[in-house]
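Student: My questions will all concern the structure given below.
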Amino acid sequence: MRRLVEEGLEDGAAGLSSGLEYVPGRYGDASELTYLCAPLGARPYVTHLRGYGPRAALGMGEASEIARLAPVPLHVSHYHGPAPQLTALLDEAGDVTFDSYPYTRASSILAMVALPDWLPTADLAATTAALRDAAVRDRLRAEWPDDLWPRIRLACVFHPDWAWAEGLTLAAAAERAGLDPAEFTLDLLVADKLRVGCVFERRPPTTEESVRTLLRDDRHTGGSDAIYLGGHPHPRGYGAFARLLGVHVRALGDWTWPQAAVHLAARPAARFGLVGRGLLQRGYWADVAIVDPALVADRATYDAPRELAVGIDDVLVNGVPVLAGGTLTGRRAGRALGGG
């Protein structure tokens with residue numbers, strides 16, 4: 001694994017990332033990740049923490065230890081939760097940045113949201129066999145809280161016999177199928193081989209005020225964490241950046257327009273070593289989005305998540321117009337970027 005990391009860095013990787021709430025990443029411990037991060041040098045270790053919300057202290061503590069021992073810069077993916085606690089954890093973490101998106105709901109795979117750690121979810125055959133077992137199903141029923149189902153909306157279902165459920169809350173889909181929510185969830189996960197995607201309300205909930213507080217932090221960078229699979233994805237894929245500009249700059253004043261350029265371009269380019277990017281400066285690549293400050297807005301919602309944003313009608317990539325007057329030009333001027 002260390003050799004693969006070194007090869008990736010030689011090929012231009014901007015850093016090393018981990019997803020510690022997902023399998024198989026959750027089986028890696030701090031010592032293993034420290035060993036894998038050692039070749040990074042000035043490039044960041046980027047992590048979906050082992051825990052957010054009530055487990056944020058655990059997740060940040062582990063990430064900070066890895067970054068300190070490697071030693072490498074740390075970047076935390078889609079940081080969310082109670083802002084006072086999260087800000088205090090950042091203050092203790094040393095050289096750290098983080099990204100977040102401007103929504104209170106999250107998106108993931110249903111298996112991560114609903115299935116406990118005691119199931120062998122890295123082994124598809126073993127897990128689907130377990131989910132057919134009556135004793136396992138009874139245990140899951142006993143463990144699942146009653147308030148779980150109404151806060152989950154199905155975003156992506158691959159199996160054609162179940163695709164009708166996309167866009168419905170899990171409770172509503174179960175009712176339409178004539179099953180109780182637990183039975184429906186188990187049958188759906190087995191049929192779709194654990195691939196079901198969902199949008200869900202967090203518990204405890206992330207508040208709008210926490211979102212705004214984190215956005216104003218100088219260690220923040222913008223991000224969408226977008227997942228585009230399925231017929232009903234999270235609206236962040238289509239609206240995150242327009243929402244940051246229209247709501248959090250124009251309407252709420254969480255950033256000035258120059259600060260928005262720092263959060264969305266300059267700081268992420270610098271953090272990931274993207275030389276010649278992120279600034280309007282002589283000698284830099286001309287990656288330019290022309291924003292109408294009076295009109296820019298997101299239109300994607302949880303009910304209609306694929307609505308395109310408005311107010312950005314012209315975009316240049318490497319100096320080449322790829323969007324002109326709101327119309328795609330068909331020109332593809334992008335290139336793979338490596339960390340410096």
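By convention in this document, the chains of the structure tokens carry letters A, B, ... by their order, each chain's residues are numbered from 1, and ligands are numbered from 1 in the order they are shown.
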Could you list, as a CSV table (one decimal) with N, CA and C atoms, in the first residue's frame, every residue within 10 Å of range 274-285 of chain A, counting only C-alpha atoms and ignoring same-chain residues fewer than 3 positions away?

Tutor:
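And here's part10.csv as it stands now:
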```csv
chain,number,residue,atom,x,y,z
A,14,ALA,N,-2.5,14.9,-5.6
A,14,ALA,CA,-2.5,16.1,-4.8
A,14,ALA,C,-2.4,15.8,-3.3
A,261,ALA,N,-14.2,34.5,-3.4
A,261,ALA,CA,-13.1,34.0,-4.3
A,261,ALA,C,-12.0,33.3,-3.5
A,262,VAL,N,-11.7,33.7,-2.3
A,262,VAL,CA,-10.7,33.1,-1.5
A,262,VAL,C,-11.2,31.7,-1.1
A,263,HIS,N,-12.4,31.6,-0.6
A,263,HIS,CA,-12.9,30.3,0.0
A,263,HIS,C,-13.2,29.3,-1.2
A,264,LEU,N,-13.5,29.8,-2.4
A,264,LEU,CA,-13.9,28.9,-3.4
A,264,LEU,C,-12.8,28.6,-4.5
A,265,ALA,N,-11.8,29.4,-4.4
A,265,ALA,CA,-10.7,29.3,-5.5
A,265,ALA,C,-9.3,29.3,-4.9
A,266,ALA,N,-9.0,30.5,-4.3
A,266,ALA,CA,-7.6,30.7,-3.9
A,266,ALA,C,-7.1,29.7,-2.8
A,267,ARG,N,-7.9,29.6,-1.8
A,267,ARG,CA,-7.5,28.7,-0.7
A,267,ARG,C,-7.4,27.2,-1.1
A,268,PRO,N,-8.4,26.7,-1.7
A,268,PRO,CA,-8.3,25.3,-2.1
A,268,PRO,C,-7.1,25.0,-3.1
A,269,ALA,N,-6.9,26.0,-4.0
A,269,ALA,CA,-5.8,25.8,-5.0
A,269,ALA,C,-4.5,25.8,-4.2
A,270,ALA,N,-4.3,26.6,-3.3
A,270,ALA,CA,-3.1,26.7,-2.5
A,270,ALA,C,-2.9,25.4,-1.6
A,271,ARG,N,-4.0,25.0,-1.0
A,271,ARG,CA,-3.9,23.8,-0.1
A,271,ARG,C,-3.5,22.6,-0.8
A,288,VAL,N,-11.9,31.0,-15.2
A,288,VAL,CA,-12.7,32.2,-14.9
A,288,VAL,C,-14.2,31.9,-15.0
A,316,LEU,N,-14.6,30.2,-18.5
A,316,LEU,CA,-13.4,29.9,-19.2
A,316,LEU,C,-12.6,28.9,-18.5
A,317,VAL,N,-12.1,27.9,-19.2
A,317,VAL,CA,-11.2,26.9,-18.6
A,317,VAL,C,-9.9,27.0,-19.4
A,318,ASN,N,-8.8,27.3,-18.7
A,318,ASN,CA,-7.5,27.5,-19.3
A,318,ASN,C,-7.6,28.5,-20.5
A,319,GLY,N,-8.4,29.5,-20.2
A,319,GLY,CA,-8.5,30.6,-21.2
A,319,GLY,C,-9.5,30.3,-22.4
A,337,LEU,N,-5.0,17.9,-13.1
A,337,LEU,CA,-4.1,18.8,-12.3
A,337,LEU,C,-3.4,17.9,-11.2
A,338,GLY,N,-2.1,18.1,-11.1
A,338,GLY,CA,-1.4,17.4,-10.1
A,338,GLY,C,-0.9,18.3,-9.0
A,339,GLY,N,-0.8,17.8,-7.8
A,339,GLY,CA,-0.3,18.6,-6.6
A,339,GLY,C,1.2,18.9,-6.8
A,340,GLY,N,1.5,20.2,-6.4
A,340,GLY,CA,2.9,20.6,-6.4
A,340,GLY,C,3.6,20.4,-5.1
```

Student: Please return, as a VMD selection string, all residues of range 174-306 of chain A that DSSP assigns to strand (DSSP E) on the basis of the backbone.

Tutor: chain A and resid 197 to 201 220 to 222 288 to 291

Student: Show me, as a list of chain:residue names, the residues that have an atom within 7 Å of range 60-76 of chain A when counting only C-alpha atoms, minus same-chain residues fewer than 5 positions from it.

Tutor: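 Skipping anything fewer than 5 positions along the chain leaves A:Ala30, A:Leu33, A:Thr34, A:Cys37, A:Ala38, A:Leu40, A:Gly41, A:Ala42, A:Arg43, A:Pro44, A:Tyr45, A:Val46, A:Thr47, A:His48, A:Leu49, A:Leu89, A:Ala93, A:Asp95, A:Val96, A:Thr97, A:Phe98, A:Asp99.
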
Student: Nearest residue to Arg55 in chain A out of A:Pro116, A:Gly167, A:Pro204, A:Gly12, using only C-alpha atoms?

Tutor: A:Pro204

Student: Give me the range 170-271 of chain A side of the contact with range 140-154 of chain A, cut-off 7 Å, one line per residue showing its nearest atom pair and distance in Å at one decimal, counting only C-alpha atoms, sorted by chain and residue number, as CSV.

Tutor:
```
residue,atom,partner,partner_atom,distance
A:Leu170,CA,A:Trp149,CA,5.5
A:Ala171,CA,A:Trp149,CA,5.3
A:Pro181,CA,A:Trp149,CA,6.6
A:Ala182,CA,A:Arg141,CA,6.4
A:Gly197,CA,A:Leu154,CA,6.2
A:Cys198,CA,A:Leu154,CA,4.5
A:Val199,CA,A:Arg153,CA,5.2
A:Phe200,CA,A:Ile152,CA,4.5
A:Glu201,CA,A:Arg151,CA,5.2
```

Student: Export N, CA and C atoms of the chosen residues as an mmCIF file, in the first residue's frame?

Tutor:
```
data_model
loop_
_atom_site.group_PDB
_atom_site.id
_atom_site.type_symbol
_atom_site.label_atom_id
_atom_site.label_comp_id
_atom_site.auth_asym_id
_atom_site.auth_seq_id
_atom_site.Cartn_x
_atom_site.Cartn_y
_atom_site.Cartn_z
ATOM 1 N N LEU A 170 -38.184 6.912 2.853
ATOM 2 C CA LEU A 170 -38.200 5.474 3.047
ATOM 3 C C LEU A 170 -39.544 5.026 3.624
ATOM 4 N N ALA A 171 -40.091 5.850 4.523
ATOM 5 C CA ALA A 171 -41.390 5.503 5.117
ATOM 6 C C ALA A 171 -42.486 5.471 4.058
ATOM 7 N N PRO A 181 -41.381 -0.216 7.410
ATOM 8 C CA PRO A 181 -40.114 0.354 6.941
ATOM 9 C C PRO A 181 -38.908 -0.556 7.128
ATOM 10 N N ALA A 182 -38.837 -1.271 8.248
ATOM 11 C CA ALA A 182 -37.697 -2.155 8.484
ATOM 12 C C ALA A 182 -37.658 -3.278 7.454
ATOM 13 N N GLY A 197 -28.544 4.505 -2.659
ATOM 14 C CA GLY A 197 -28.106 5.800 -2.160
ATOM 15 C C GLY A 197 -29.255 6.550 -1.520
ATOM 16 N N CYS A 198 -28.932 7.464 -0.604
ATOM 17 C CA CYS A 198 -30.000 8.194 0.096
ATOM 18 C C CYS A 198 -29.546 9.593 0.485
ATOM 19 N N VAL A 199 -30.510 10.447 0.716
ATOM 20 C CA VAL A 199 -30.339 11.759 1.335
ATOM 21 C C VAL A 199 -30.997 11.667 2.698
ATOM 22 N N PHE A 200 -30.352 12.228 3.724
ATOM 23 C CA PHE A 200 -30.910 12.024 5.055
ATOM 24 C C PHE A 200 -30.672 13.220 5.967
ATOM 25 N N GLU A 201 -31.585 13.382 6.901
ATOM 26 C CA GLU A 201 -31.449 14.395 7.943
ATOM 27 C C GLU A 201 -30.589 13.824 9.056
#
```

Student: Under the rule that only C-alpha atoms are counted, which of A:Arg195, A:Gly94, A:Gly326, A:Pro305 is the nearest residue to Ala289 in chain A?

Tutor: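 Closest residue, counting only C-alpha atoms: A:Gly326.
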
Student: Which residue gives the smallest distance to Pro54 in chain A among A:Gly19, A:Gly81, A:Gly311, A:Gly239, with only C-alpha atoms counted?

Tutor: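 Nearest to Pro54 in chain A: A:Gly81.
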
Student: List every residue of range 124-332 of chain A that DSSP, applied to the backbone, labels as helix (DSSP H, G or I), and write the result as a VMD selection string.

Tutor: chain A and resid 124 to 132 134 to 143 149 to 151 163 to 165 170 to 177 181 to 191 208 to 215 236 to 251 257 to 271

Student: Using only C-alpha atoms, pick whichever of A:Ala177, A:Arg212, A:Ile109, A:Glu183 has the shortest atom-to-atom distance to Ala134 in chain A.

Tutor: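 Smallest separation from Ala134 in chain A among the options: A:Glu183.
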
Student: Do a neighbour search on Tyr27 in chain A at 12 Å with only C-alpha atoms, toss out local chain neighbours closer than 3 positions, and write the hits as a PyMOL selection string.

Tutor: chain A and resi 18-24+30-33+50+117+120-122

Student: Quick one: write out the picked residues with C-alpha atoms as a PDB file, in the first residue's frame?

Tutor:
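As written to disk, part-v2.pdb reads:
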```pdb
ATOM      1  CA  SER A  18      -9.360   8.189   3.506  1.00  0.00           C
ATOM      2  CA  GLY A  19     -13.010   7.380   4.195  1.00  0.00           C
ATOM      3  CA  LEU A  20     -13.112   6.010   7.723  1.00  0.00           C
ATOM      4  CA  GLU A  21     -16.874   5.588   8.155  1.00  0.00           C
ATOM      5  CA  TYR A  22     -16.981   3.367   5.075  1.00  0.00           C
ATOM      6  CA  VAL A  23     -15.694  -0.131   4.418  1.00  0.00           C
ATOM      7  CA  PRO A  24     -12.972  -1.110   3.912  1.00  0.00           C
ATOM      8  CA  ALA A  30      -4.071   5.449  13.040  1.00  0.00           C
ATOM      9  CA  SER A  31      -0.708   3.672  12.867  1.00  0.00           C
ATOM     10  CA  GLU A  32      -1.451   2.247   9.406  1.00  0.00           C
ATOM     11  CA  LEU A  33      -2.641   5.610   8.093  1.00  0.00           C
ATOM     12  CA  ARG A  50     -14.326   8.168  11.511  1.00  0.00           C
ATOM     13  CA  ASP A 117     -20.671  -2.051  12.501  1.00  0.00           C
ATOM     14  CA  PRO A 120     -19.515  -7.602   7.792  1.00  0.00           C
ATOM     15  CA  THR A 121     -20.451  -4.942   5.240  1.00  0.00           C
ATOM     16  CA  ALA A 122     -17.110  -5.175   3.415  1.00  0.00           C
TER      17      ALA A 122
END
```

Student: Using only C-alpha atoms, which residue out of A:Ala240, A:Leu16, A:Leu194, A:Val157 lies closest to Ala300 in chain A?

Tutor: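 Of all the options, A:Ala240 lies closest to Ala300 in chain A.
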
Student: Taking 5 positions as the minimum chain separation for residues in the same chain, which residues sit within 9 Å of Gly230 in chain A when counting only C-alpha atoms? Answer as a PDB file with N, CA and C atoms, in the first residue's frame.

Tutor:
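For reference, result33.pdb as written:
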```pdb
ATOM      1  N   ALA A 155     -32.359   8.159  -2.907  1.00  0.00           N
ATOM      2  CA  ALA A 155     -31.792   8.962  -3.985  1.00  0.00           C
ATOM      3  C   ALA A 155     -31.438   8.146  -5.209  1.00  0.00           C
ATOM      4  N   CYS A 156     -30.985   6.907  -4.990  1.00  0.00           N
ATOM      5  CA  CYS A 156     -30.455   6.103  -6.088  1.00  0.00           C
ATOM      6  C   CYS A 156     -30.754   4.632  -5.834  1.00  0.00           C
ATOM      7  N   VAL A 157     -31.500   4.009  -6.736  1.00  0.00           N
ATOM      8  CA  VAL A 157     -31.814   2.584  -6.660  1.00  0.00           C
ATOM      9  C   VAL A 157     -31.493   1.981  -8.016  1.00  0.00           C
ATOM     10  N   PHE A 158     -30.604   1.006  -8.066  1.00  0.00           N
ATOM     11  CA  PHE A 158     -30.158   0.431  -9.338  1.00  0.00           C
ATOM     12  C   PHE A 158     -31.104  -0.656  -9.853  1.00  0.00           C
ATOM     13  N   ALA A 163     -36.765   0.734  -8.703  1.00  0.00           N
ATOM     14  CA  ALA A 163     -36.397   2.103  -9.064  1.00  0.00           C
ATOM     15  C   ALA A 163     -37.538   3.096  -8.821  1.00  0.00           C
ATOM     16  N   GLU A 166     -37.215   5.797  -5.933  1.00  0.00           N
ATOM     17  CA  GLU A 166     -36.355   6.979  -5.917  1.00  0.00           C
ATOM     18  C   GLU A 166     -37.185   8.250  -5.702  1.00  0.00           C
ATOM     19  N   GLY A 197     -28.544   4.505  -2.659  1.00  0.00           N
ATOM     20  CA  GLY A 197     -28.106   5.800  -2.160  1.00  0.00           C
ATOM     21  C   GLY A 197     -29.255   6.550  -1.520  1.00  0.00           C
TER      22      GLY A 197
END
```

Student: Determine the nearest neighbour of Glu208 in chain A from the options A:Val247, A:Ile290, A:Leu131, A:Leu119, counting only C-alpha atoms.

Tutor: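 Selected residue with least distance to Glu208 in chain A: A:Val247.
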